[in-house]
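**Student:** Provided below: final03.cif, containing mmCIF, C-alpha atoms.
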```cif
data_model
loop_
_atom_site.group_PDB
_atom_site.id
_atom_site.type_symbol
_atom_site.label_atom_id
_atom_site.label_comp_id
_atom_site.auth_asym_id
_atom_site.auth_seq_id
_atom_site.Cartn_x
_atom_site.Cartn_y
_atom_site.Cartn_z
ATOM 1 C CA MET A 1 87.198 60.897 96.585
ATOM 2 C CA PRO A 2 86.661 64.546 97.541
ATOM 3 C CA ASP A 3 87.437 67.008 94.770
ATOM 4 C CA THR A 4 90.281 68.848 96.446
ATOM 5 C CA GLU A 5 91.914 71.631 94.504
ATOM 6 C CA GLN A 6 95.001 69.481 94.032
ATOM 7 C CA ASN A 7 92.900 66.737 92.432
ATOM 8 C CA LEU A 8 91.128 69.215 90.196
ATOM 9 C CA ILE A 9 94.434 70.687 89.047
ATOM 10 C CA GLN A 10 95.866 67.257 88.296
ATOM 11 C CA HIS A 11 92.778 66.275 86.295
ATOM 12 C CA ALA A 12 92.740 69.599 84.447
ATOM 13 C CA GLN A 13 96.404 69.141 83.575
ATOM 14 C CA LYS A 14 95.417 65.903 81.857
ATOM 15 C CA GLY A 15 92.818 67.782 79.791
ATOM 16 C CA ASP A 16 89.719 67.251 81.973
ATOM 17 C CA HIS A 17 87.366 70.138 81.110
ATOM 18 C CA GLU A 18 85.016 69.506 84.025
ATOM 19 C CA ALA A 19 87.840 69.771 86.526
ATOM 20 C CA PHE A 20 88.968 73.015 84.948
ATOM 21 C CA ALA A 21 85.395 74.372 84.995
ATOM 22 C CA ALA A 22 85.309 73.684 88.735
ATOM 23 C CA LEU A 23 88.552 75.633 89.156
ATOM 24 C CA VAL A 24 87.134 78.544 87.145
ATOM 25 C CA ALA A 25 83.961 78.561 89.234
ATOM 26 C CA GLU A 26 86.030 78.534 92.416
ATOM 27 C CA HIS A 27 88.447 81.330 91.534
ATOM 28 C CA GLN A 28 86.590 83.583 89.103
ATOM 29 C CA ARG A 29 85.331 85.998 91.738
ATOM 30 C CA PHE A 30 88.768 86.810 93.099
ATOM 31 C CA VAL A 31 90.300 87.018 89.647
ATOM 32 C CA TYR A 32 87.525 89.358 88.521
ATOM 33 C CA ASN A 33 87.862 91.519 91.631
ATOM 34 C CA LEU A 34 91.587 91.912 91.180
ATOM 35 C CA ALA A 35 91.107 92.856 87.517
ATOM 36 C CA LEU A 36 88.312 95.260 88.409
ATOM 37 C CA ARG A 37 90.374 97.047 91.059
ATOM 38 C CA ILE A 38 93.171 97.631 88.579
ATOM 39 C CA LEU A 39 91.224 98.329 85.374
ATOM 40 C CA LYS A 40 88.280 100.059 87.113
ATOM 41 C CA ASN A 41 85.936 98.941 84.342
ATOM 42 C CA GLU A 42 83.464 96.056 84.671
ATOM 43 C CA GLU A 43 83.451 94.910 81.055
ATOM 44 C CA GLU A 44 87.215 95.056 80.730
ATOM 45 C CA ALA A 45 87.606 93.212 84.017
ATOM 46 C CA LEU A 46 85.241 90.460 82.864
ATOM 47 C CA ASP A 47 87.123 90.152 79.600
ATOM 48 C CA LEU A 48 90.456 90.030 81.389
ATOM 49 C CA ALA A 49 89.154 87.401 83.837
ATOM 50 C CA GLN A 50 88.142 85.191 80.906
ATOM 51 C CA GLU A 51 91.485 85.760 79.216
ATOM 52 C CA THR A 52 93.235 84.811 82.461
ATOM 53 C CA PHE A 53 91.527 81.429 82.586
ATOM 54 C CA VAL A 54 92.159 80.764 78.896
ATOM 55 C CA ARG A 55 95.863 81.502 79.456
ATOM 56 C CA ALA A 56 95.797 79.348 82.581
ATOM 57 C CA TRP A 57 94.382 76.441 80.563
ATOM 58 C CA THR A 58 97.145 76.631 77.968
ATOM 59 C CA ALA A 59 99.865 77.099 80.591
ATOM 60 C CA LEU A 60 98.483 74.524 83.027
ATOM 61 C CA PRO A 61 101.015 71.802 82.130
ATOM 62 C CA ASN A 62 103.747 74.199 83.280
ATOM 63 C CA PHE A 63 102.123 74.667 86.685
ATOM 64 C CA ARG A 64 104.286 72.639 89.039
ATOM 65 C CA GLY A 65 102.572 73.533 92.277
ATOM 66 C CA GLN A 66 105.544 75.523 93.584
ATOM 67 C CA SER A 67 103.144 78.329 94.448
ATOM 68 C CA GLN A 68 99.465 78.192 95.257
ATOM 69 C CA PHE A 69 97.144 77.939 92.266
ATOM 70 C CA ARG A 70 95.447 81.222 93.141
ATOM 71 C CA THR A 71 98.737 83.149 93.337
ATOM 72 C CA TRP A 72 99.664 81.650 89.978
ATOM 73 C CA LEU A 73 96.359 82.970 88.590
ATOM 74 C CA TYR A 74 97.007 86.411 90.102
ATOM 75 C CA ARG A 75 100.376 86.454 88.338
ATOM 76 C CA ILE A 76 98.593 85.860 85.028
ATOM 77 C CA VAL A 77 96.104 88.635 85.872
ATOM 78 C CA THR A 78 98.873 91.117 86.610
ATOM 79 C CA ASN A 79 100.802 90.179 83.476
ATOM 80 C CA LEU A 80 97.678 90.755 81.377
ATOM 81 C CA CYS A 81 97.130 94.071 83.172
ATOM 82 C CA TYR A 82 100.692 95.088 82.326
ATOM 83 C CA ASN A 83 99.799 94.546 78.657
ATOM 84 C CA ARG A 84 96.687 96.718 78.922
ATOM 85 C CA LEU A 85 98.215 99.400 81.151
ATOM 86 C CA PRO A 86 101.782 99.877 79.932
ATOM 87 C CA ASN A 87 102.524 102.413 82.670
ATOM 88 C CA LEU A 88 101.551 100.083 85.496
ATOM 89 C CA ARG A 89 104.819 98.153 85.510
ATOM 90 C CA ARG A 90 106.841 101.375 85.519
ATOM 91 C CA ALA A 91 104.685 102.865 88.275
ATOM 92 C CA LEU A 92 105.333 99.803 90.440
ATOM 93 C CA ASN A 93 109.064 99.850 89.796
ATOM 94 C CA ASP A 94 109.175 103.575 90.488
ATOM 95 C CA LEU A 95 107.860 103.013 93.991
ATOM 96 C CA GLY A 96 111.458 102.429 94.996
ATOM 97 C CA ASP A 97 112.670 100.669 98.050
ATOM 98 C CA ASP A 98 112.518 103.080 100.969
ATOM 99 C CA ALA A 99 113.661 101.970 104.375
ATOM 100 C CA ILE A 100 110.277 100.932 105.704
ATOM 101 C CA SER A 101 111.067 98.059 107.993
ATOM 102 C CA GLU A 102 107.601 97.131 109.183
ATOM 103 C CA ILE A 103 104.138 98.390 108.494
ATOM 104 C CA ALA A 104 101.977 98.447 111.561
ATOM 105 C CA GLU A 105 98.733 96.637 110.888
ATOM 106 C CA THR A 106 96.613 97.427 113.880
ATOM 107 C CA ASP A 107 93.947 94.972 114.811
ATOM 108 C CA ILE A 108 91.854 97.126 117.072
ATOM 109 C CA ASP A 109 88.103 96.684 117.042
ATOM 110 C CA PHE A 110 86.563 99.871 115.754
ATOM 111 C CA ASP A 111 83.007 98.784 116.435
ATOM 112 C CA ASN A 112 82.687 101.069 119.379
ATOM 113 C CA PRO A 113 78.981 102.007 119.609
ATOM 114 C CA ALA A 114 79.945 105.561 120.462
ATOM 115 C CA HIS A 115 81.642 105.874 117.107
ATOM 116 C CA GLY A 116 79.133 103.744 115.211
ATOM 117 C CA PHE A 117 77.620 106.322 112.883
ATOM 118 C CA GLU A 118 80.829 108.275 112.550
ATOM 119 C CA SER A 119 82.911 105.219 111.659
ATOM 120 C CA LEU A 120 80.267 104.053 109.185
ATOM 121 C CA GLU A 121 80.297 107.393 107.439
ATOM 122 C CA LEU A 122 84.081 107.587 107.453
ATOM 123 C CA ARG A 123 84.340 103.987 106.320
ATOM 124 C CA SER A 124 82.098 104.681 103.313
ATOM 125 C CA TYR A 125 84.264 107.649 102.509
ATOM 126 C CA LEU A 126 87.390 105.506 102.777
ATOM 127 C CA TYR A 127 85.900 102.825 100.510
ATOM 128 C CA LYS A 128 85.461 105.544 97.912
ATOM 129 C CA ALA A 129 89.033 106.712 98.484
ATOM 130 C CA ILE A 130 90.276 103.111 98.052
ATOM 131 C CA ASP A 131 88.339 102.924 94.765
ATOM 132 C CA GLU A 132 90.113 106.034 93.569
ATOM 133 C CA LEU A 133 93.674 104.947 94.376
ATOM 134 C CA ASP A 134 96.130 104.782 91.469
ATOM 135 C CA GLU A 135 96.321 101.430 89.681
ATOM 136 C CA ASN A 136 99.647 100.456 91.232
ATOM 137 C CA TYR A 137 98.359 101.068 94.761
ATOM 138 C CA SER A 138 95.021 99.396 93.952
ATOM 139 C CA LEU A 139 96.884 96.315 92.790
ATOM 140 C CA LEU A 140 98.955 96.098 95.979
ATOM 141 C CA ILE A 141 95.988 96.803 98.257
ATOM 142 C CA SER A 142 93.815 94.281 96.470
ATOM 143 C CA LEU A 143 96.443 91.545 96.636
ATOM 144 C CA ARG A 144 97.113 92.233 100.305
ATOM 145 C CA TYR A 145 93.638 92.753 101.703
ATOM 146 C CA GLN A 146 91.156 91.157 99.301
ATOM 147 C CA ASN A 147 93.225 88.263 98.088
ATOM 148 C CA GLU A 148 94.987 87.986 101.443
ATOM 149 C CA LEU A 149 98.501 87.392 100.163
ATOM 150 C CA SER A 150 101.521 87.875 102.394
ATOM 151 C CA TYR A 151 104.120 90.513 101.505
ATOM 152 C CA GLU A 152 106.414 87.756 100.252
ATOM 153 C CA GLU A 153 103.681 86.290 98.053
ATOM 154 C CA ILE A 154 102.910 89.729 96.600
ATOM 155 C CA ALA A 155 106.601 90.307 95.909
ATOM 156 C CA SER A 156 106.834 86.953 94.190
ATOM 157 C CA THR A 157 103.603 87.450 92.234
ATOM 158 C CA LEU A 158 104.632 90.879 90.954
ATOM 159 C CA ASN A 159 108.309 90.018 90.684
ATOM 160 C CA LEU A 160 109.178 93.029 92.822
ATOM 161 C CA PRO A 161 111.564 93.408 95.759
ATOM 162 C CA LEU A 162 109.924 92.925 99.147
ATOM 163 C CA GLY A 163 110.894 96.474 100.147
ATOM 164 C CA THR A 164 109.048 97.898 97.140
ATOM 165 C CA VAL A 165 105.893 96.043 98.112
ATOM 166 C CA LYS A 166 106.097 97.389 101.670
ATOM 167 C CA THR A 167 106.817 100.892 100.397
ATOM 168 C CA GLY A 168 103.867 100.737 98.017
ATOM 169 C CA LEU A 169 101.452 99.601 100.696
ATOM 170 C CA PHE A 170 102.765 102.218 103.098
ATOM 171 C CA ARG A 171 102.274 104.982 100.517
ATOM 172 C CA ALA A 172 98.810 103.717 99.628
ATOM 173 C CA LYS A 173 97.825 104.006 103.276
ATOM 174 C CA GLU A 174 99.404 107.456 103.447
ATOM 175 C CA GLN A 175 97.237 108.512 100.486
ATOM 176 C CA LEU A 176 94.191 107.217 102.309
ATOM 177 C CA ARG A 177 95.263 109.087 105.434
ATOM 178 C CA HIS A 178 95.581 112.336 103.449
ATOM 179 C CA SER A 179 92.129 111.765 101.944
ATOM 180 C CA LEU A 180 90.738 111.184 105.413
ATOM 181 C CA GLU A 181 92.362 114.360 106.728
ATOM 182 C CA ARG A 182 90.967 116.396 103.829
ATOM 183 C CA TYR A 183 87.535 114.957 104.504
ATOM 184 C CA GLN A 184 87.768 115.724 108.214
ATOM 185 C CA GLU A 185 88.950 119.275 107.563
ATOM 186 C CA ALA A 186 86.010 119.808 105.217
ATOM 187 C CA VAL A 187 83.549 118.425 107.757
ATOM 188 C CA TRP A 188 85.227 120.307 110.619
ATOM 189 C CA THR A 189 84.974 123.667 108.859
ATOM 190 C CA ILE A 190 81.278 123.284 108.061
ATOM 191 C CA PRO A 191 79.484 125.476 110.622
ATOM 192 C CA MET B 192 81.343 114.792 113.879
ATOM 193 C CA ASP B 193 82.543 115.475 117.407
ATOM 194 C CA ASN B 194 86.318 115.695 117.099
ATOM 195 C CA PRO B 195 88.877 115.048 114.422
ATOM 196 C CA LEU B 196 90.427 111.602 114.705
ATOM 197 C CA THR B 197 93.834 111.186 116.238
ATOM 198 C CA PRO B 198 96.541 109.638 113.994
ATOM 199 C CA GLU B 199 96.124 106.339 115.858
ATOM 200 C CA GLN B 200 92.386 106.352 115.255
ATOM 201 C CA GLN B 201 93.000 107.182 111.610
ATOM 202 C CA SER B 202 95.316 104.193 111.325
ATOM 203 C CA VAL B 203 92.756 101.932 112.917
ATOM 204 C CA LEU B 204 89.991 103.206 110.671
ATOM 205 C CA ILE B 205 92.120 102.865 107.522
ATOM 206 C CA GLU B 206 93.183 99.357 108.471
ATOM 207 C CA ASP B 207 89.612 98.442 109.303
ATOM 208 C CA SER B 208 88.332 99.806 105.982
ATOM 209 C CA LEU B 209 90.997 97.910 104.063
ATOM 210 C CA HIS B 210 90.069 94.672 105.804
ATOM 211 C CA THR B 211 86.335 95.154 105.266
ATOM 212 C CA TYR B 212 86.537 96.614 101.755
ATOM 213 C CA PRO B 213 83.841 94.588 100.008
ATOM 214 C CA ILE B 214 84.565 91.987 97.356
ATOM 215 C CA VAL B 215 82.069 92.661 94.565
ATOM 216 C CA SER B 216 80.040 89.809 93.165
ATOM 217 C CA MET B 217 80.455 88.713 89.592
ATOM 218 C CA PRO B 218 78.056 90.464 87.199
ATOM 219 C CA ARG B 219 77.657 87.031 85.589
ATOM 220 C CA ASP B 220 79.227 83.599 85.773
ATOM 221 C CA ILE B 221 82.039 83.371 83.219
ATOM 222 C CA THR B 222 82.595 79.614 83.500
ATOM 223 C CA ALA B 223 80.518 78.831 80.391
ATOM 224 C CA ASP B 224 82.288 81.543 78.357
ATOM 225 C CA VAL B 225 85.710 80.304 79.396
ATOM 226 C CA MET B 226 84.817 76.693 78.639
ATOM 227 C CA ALA B 227 83.470 77.694 75.219
ATOM 228 C CA ARG B 228 86.736 79.472 74.466
ATOM 229 C CA ILE B 229 88.962 76.608 75.540
ATOM 230 C CA GLN B 230 86.964 74.059 73.508
ATOM 231 C CA THR B 231 88.787 75.351 70.446
ATOM 232 C CA ILE B 232 92.190 75.010 72.120
ATOM 233 C CA PRO B 233 93.787 71.561 72.086
ATOM 234 C CA ALA B 234 94.011 69.959 75.510
ATOM 235 C CA PRO B 235 97.237 70.967 77.204
ATOM 236 C CA ARG B 236 99.947 68.364 77.149
ATOM 237 C CA PRO B 237 103.127 68.397 79.177
ATOM 238 C CA PHE B 238 106.292 69.312 77.289
ATOM 239 C CA SER B 239 107.782 66.225 75.718
ATOM 240 C CA LEU B 240 110.178 65.485 72.884
ATOM 241 C CA THR B 241 109.264 63.032 70.146
ATOM 242 C CA TRP B 242 111.810 60.524 68.849
ATOM 243 C CA ASN B 243 111.884 62.407 65.534
ATOM 244 C CA GLU B 244 112.916 65.601 67.325
ATOM 245 C CA VAL B 245 115.607 63.748 69.257
ATOM 246 C CA ALA B 246 116.953 62.164 66.050
ATOM 247 C CA LEU B 247 117.009 65.529 64.267
ATOM 248 C CA ALA B 248 118.783 67.153 67.213
ATOM 249 C CA ILE B 249 121.441 64.412 67.195
ATOM 250 C CA ILE B 250 121.995 64.753 63.433
ATOM 251 C CA PHE B 251 122.314 68.545 63.643
ATOM 252 C CA SER B 252 124.695 68.281 66.584
ATOM 253 C CA MET B 253 126.834 65.750 64.712
ATOM 254 C CA CYS B 254 126.949 67.998 61.638
ATOM 255 C CA ILE B 255 128.039 70.985 63.697
ATOM 256 C CA GLY B 256 130.594 68.823 65.490
ATOM 257 C CA ALA B 257 131.922 67.457 62.191
ATOM 258 C CA ILE B 258 132.307 70.960 60.720
ATOM 259 C CA TRP B 259 134.098 72.160 63.840
ATOM 260 C CA PHE B 260 136.363 69.092 63.882
ATOM 261 C CA SER B 261 137.192 69.453 60.190
ATOM 262 C CA LEU B 262 138.018 73.137 60.476
ATOM 263 C CA TYR B 263 140.357 72.598 63.393
ATOM 264 C CA HIS B 264 142.097 69.576 61.936
ATOM 265 C CA LEU B 265 142.553 70.562 58.306
ATOM 266 C CA PRO B 266 146.147 71.321 57.264
ATOM 267 C CA PRO B 267 146.841 75.082 57.222
ATOM 268 C CA ILE B 268 147.411 74.993 53.473
ATOM 269 C CA ALA B 269 143.915 73.550 52.906
ATOM 270 C CA ILE B 270 142.349 76.262 55.090
ATOM 271 C CA ALA B 271 144.208 78.966 53.160
ATOM 272 C CA GLN B 272 143.043 77.360 49.906
ATOM 273 C CA LEU B 273 139.441 77.315 51.139
ATOM 274 C CA ARG B 274 139.629 80.956 52.167
ATOM 275 C CA LYS B 275 141.083 81.928 48.791
ATOM 276 C CA GLU B 276 138.382 79.992 46.915
ATOM 277 C CA SER B 277 135.611 81.561 48.974
ATOM 278 C CA VAL B 278 136.963 85.078 48.351
ATOM 279 C CA LEU B 279 137.197 84.309 44.635
ATOM 280 C CA LEU B 280 133.639 82.954 44.588
ATOM 281 C CA TYR B 281 132.360 86.050 46.413
ATOM 282 C CA GLN B 282 134.135 88.341 43.959
ATOM 283 C CA HIS B 283 132.851 86.284 41.018
ATOM 284 C CA ILE B 284 129.298 86.719 42.333
ATOM 285 C CA LEU B 285 129.819 90.448 42.853
ATOM 286 C CA VAL B 286 131.081 90.898 39.293
ATOM 287 C CA ASN B 287 129.052 88.401 37.258
ATOM 288 C CA ALA B 288 125.898 87.856 39.294
ATOM 289 C CA SER B 289 125.370 90.947 41.426
ATOM 290 C CA TRP B 290 121.637 90.212 41.448
ATOM 291 C CA LEU B 291 122.273 87.040 43.438
ATOM 292 C CA ILE B 292 122.940 88.723 46.813
ATOM 293 C CA PRO B 293 119.707 90.790 46.961
ATOM 294 C CA ALA B 294 117.805 87.833 45.486
ATOM 295 C CA PHE B 295 119.195 85.571 48.198
ATOM 296 C CA SER B 296 118.443 88.164 50.928
ATOM 297 C CA PHE B 297 114.866 88.679 49.766
ATOM 298 C CA GLY B 298 114.409 84.943 49.357
ATOM 299 C CA LEU B 299 115.569 84.336 52.913
ATOM 300 C CA ALA B 300 113.304 87.125 54.188
ATOM 301 C CA GLY B 301 110.358 85.625 52.266
ATOM 302 C CA PHE B 302 111.071 82.180 53.651
ATOM 303 C CA LEU B 303 111.212 83.458 57.245
ATOM 304 C CA SER B 304 108.028 85.493 56.701
ATOM 305 C CA ALA B 305 106.260 82.412 55.375
ATOM 306 C CA LEU B 306 107.233 80.634 58.572
ATOM 307 C CA ILE B 307 106.223 83.436 60.940
ATOM 308 C CA ILE B 308 103.192 85.123 59.339
ATOM 309 C CA PRO B 309 100.741 82.194 59.778
ATOM 310 C CA TYR B 310 101.668 82.035 63.484
ATOM 311 C CA LEU B 311 101.238 85.808 63.907
ATOM 312 C CA ARG B 312 97.876 85.699 62.129
ATOM 313 C CA ARG B 313 96.689 82.927 64.438
ATOM 314 C CA GLU B 314 97.781 84.953 67.486
ATOM 315 C CA LEU B 315 96.090 88.123 66.229
ATOM 316 C CA MET B 316 92.862 86.285 65.429
ATOM 317 C CA LYS B 317 92.589 85.087 69.073
#
```
Show this structure as structure tokens.

**Tutor:**
Amino acid sequence: MPDTEQNLIQHAQKGDHEAFAALVAEHQRFVYNLALRILKNEEEALDLAQETFVRAWTALPNFRGQSQFRTWLYRIVTNLCYNRLPNLRRALNDLGDDAISEIAETDIDFDNPAHGFESLELRSYLYKAIDELDENYSLLISLRYQNELSYEEIASTLNLPLGTVKTGLFRAKEQLRHSLERYQEAVWTIP
Amino acid sequence: MDNPLTPEQQSVLIEDSLHTYPIVSMPRDITADVMARIQTIPAPRPFSLTWNEVALAIIFSMCIGAIWFSLYHLPPIAIAQLRKESVLLYQHILVNASWLIPAFSFGLAGFLSALIIPYLRRELMK
């Protein structure tokens, strides 16, 4: 029988350590990445990732499969982050619920050879800007783009209104846009 | 850089960077560490009630029900008598055994602490 995730979860719920080890091996990278983006510290992120799986083991009997296992893990990660960063929860709630109906997510190929070097340089700069986003924006960006959750899944994971999630992502992108503009102005003014 | 990017190009670049933002690799595999930590934790078991717990719950419920039933079905004179006796007892304690109330309060606090402190210690030691 193939070891599907569902099988592994069922075995782990019955106390099977090997099944749980397989789940840890499968999900640790994404859990660690999410923790790292929020905490911005490798050691703390590793510690939090371990803590997440220990909590998951003790809470596994309560996992009913209503959400995906990975989103359930991300919820544990964010709850542990709330404990370590007491202001994170407030910062997320303070995002508010502006009237942002839809966020345009363009899917245009930027690999135009004419812009190759320029886009590479700008992209590196943007990666740095993403690294430096506030924790609340980092959390939303990471869940959306690295962990590939839908807006609804993010809202459910963070227990936030859907509008707040959209607002947060919109503002995160606006911050990145401002960073990009500052960078361009600096480059533009260099003789 | 030839020209500043238009807002549309900025959007595309930002979106592209967000989609390609690299996922870092683990500095080390944590599976062994996690498994070592959960070895000390009893295997999870689904929530279930034992027969003892059910029996206790029934007995407690019946006691509460009996008290409620008695209070609502006692003759008014008996209730008044009870109230009078309880006031007298309270006053007797206040006058003749004033140490009893703080002793009882501290005793109750000590009992609750004895119940809670071992649990808190276990949680803090984790």

**Student:** For the file shown, report as an MDAnalysis selection string the outcome of the PyMOL selection byres ((chain B) within 12 of (chain A)) at residue level.

**Tutor:** chainID B and resid 192:239 317

**Student:** Take the residues from that selection and put them in a file with C-alpha atoms, as a short mmCIF file (atom, residue, chain, number, x, y, z; two decimals), keeping the file's coordinate frame.

**Tutor:**
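Result file is selection37.cif:
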```
data_model
loop_
_atom_site.label_atom_id
_atom_site.label_comp_id
_atom_site.auth_asym_id
_atom_site.auth_seq_id
_atom_site.Cartn_x
_atom_site.Cartn_y
_atom_site.Cartn_z
CA MET B 192 81.34 114.79 113.88
CA ASP B 193 82.54 115.48 117.41
CA ASN B 194 86.32 115.70 117.10
CA PRO B 195 88.88 115.05 114.42
CA LEU B 196 90.43 111.60 114.70
CA THR B 197 93.83 111.19 116.24
CA PRO B 198 96.54 109.64 113.99
CA GLU B 199 96.12 106.34 115.86
CA GLN B 200 92.39 106.35 115.26
CA GLN B 201 93.00 107.18 111.61
CA SER B 202 95.32 104.19 111.32
CA VAL B 203 92.76 101.93 112.92
CA LEU B 204 89.99 103.21 110.67
CA ILE B 205 92.12 102.86 107.52
CA GLU B 206 93.18 99.36 108.47
CA ASP B 207 89.61 98.44 109.30
CA SER B 208 88.33 99.81 105.98
CA LEU B 209 91.00 97.91 104.06
CA HIS B 210 90.07 94.67 105.80
CA THR B 211 86.34 95.15 105.27
CA TYR B 212 86.54 96.61 101.76
CA PRO B 213 83.84 94.59 100.01
CA ILE B 214 84.56 91.99 97.36
CA VAL B 215 82.07 92.66 94.56
CA SER B 216 80.04 89.81 93.16
CA MET B 217 80.46 88.71 89.59
CA PRO B 218 78.06 90.46 87.20
CA ARG B 219 77.66 87.03 85.59
CA ASP B 220 79.23 83.60 85.77
CA ILE B 221 82.04 83.37 83.22
CA THR B 222 82.60 79.61 83.50
CA ALA B 223 80.52 78.83 80.39
CA ASP B 224 82.29 81.54 78.36
CA VAL B 225 85.71 80.30 79.40
CA MET B 226 84.82 76.69 78.64
CA ALA B 227 83.47 77.69 75.22
CA ARG B 228 86.74 79.47 74.47
CA ILE B 229 88.96 76.61 75.54
CA GLN B 230 86.96 74.06 73.51
CA THR B 231 88.79 75.35 70.45
CA ILE B 232 92.19 75.01 72.12
CA PRO B 233 93.79 71.56 72.09
CA ALA B 234 94.01 69.96 75.51
CA PRO B 235 97.24 70.97 77.20
CA ARG B 236 99.95 68.36 77.15
CA PRO B 237 103.13 68.40 79.18
CA PHE B 238 106.29 69.31 77.29
CA SER B 239 107.78 66.22 75.72
CA LYS B 317 92.59 85.09 69.07
#
```

**Student:** I'd like the interatomic distance between atom CA of A:Gly168 and atom CA of A:Asn136, to a tenth of an Å.

**Tutor:**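 Value for the atom CA of A:Gly168-atom CA of A:Asn136 distance: 8.0 Å.
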
**Student:** State, in Å with one decimal place, the distance from atom CA of B:Ile258 to atom CA of B:Leu273.

**Tutor:** 13.5 Å

**Student:** What does the PyMOL selection byres ((chain A and resi 169) around 10) select in this file, as a ChimeraX atom specification?

**Tutor:** /A:95,103,136-141,144,151,163-168,170-175

**Student:** Can you work out which one of A:Ser179, A:Leu160, A:Glu153, A:Ile38 has the shortest atom-to-atom distance to A:Leu85, counting all atoms listed in the file?

**Tutor:** A:Ile38

**Student:** What does the structure give for the distance between atom CA of A:Tyr74 and atom CA of A:Ser150, in Å to one decimal?

**Tutor:** 13.2 Å

**Student:** Using all atoms listed in the file, which residues sit within 7 Å of A:Val77 once same-chain residues fewer than 4 positions away are excluded, as a count of residues only?

**Tutor:** 4
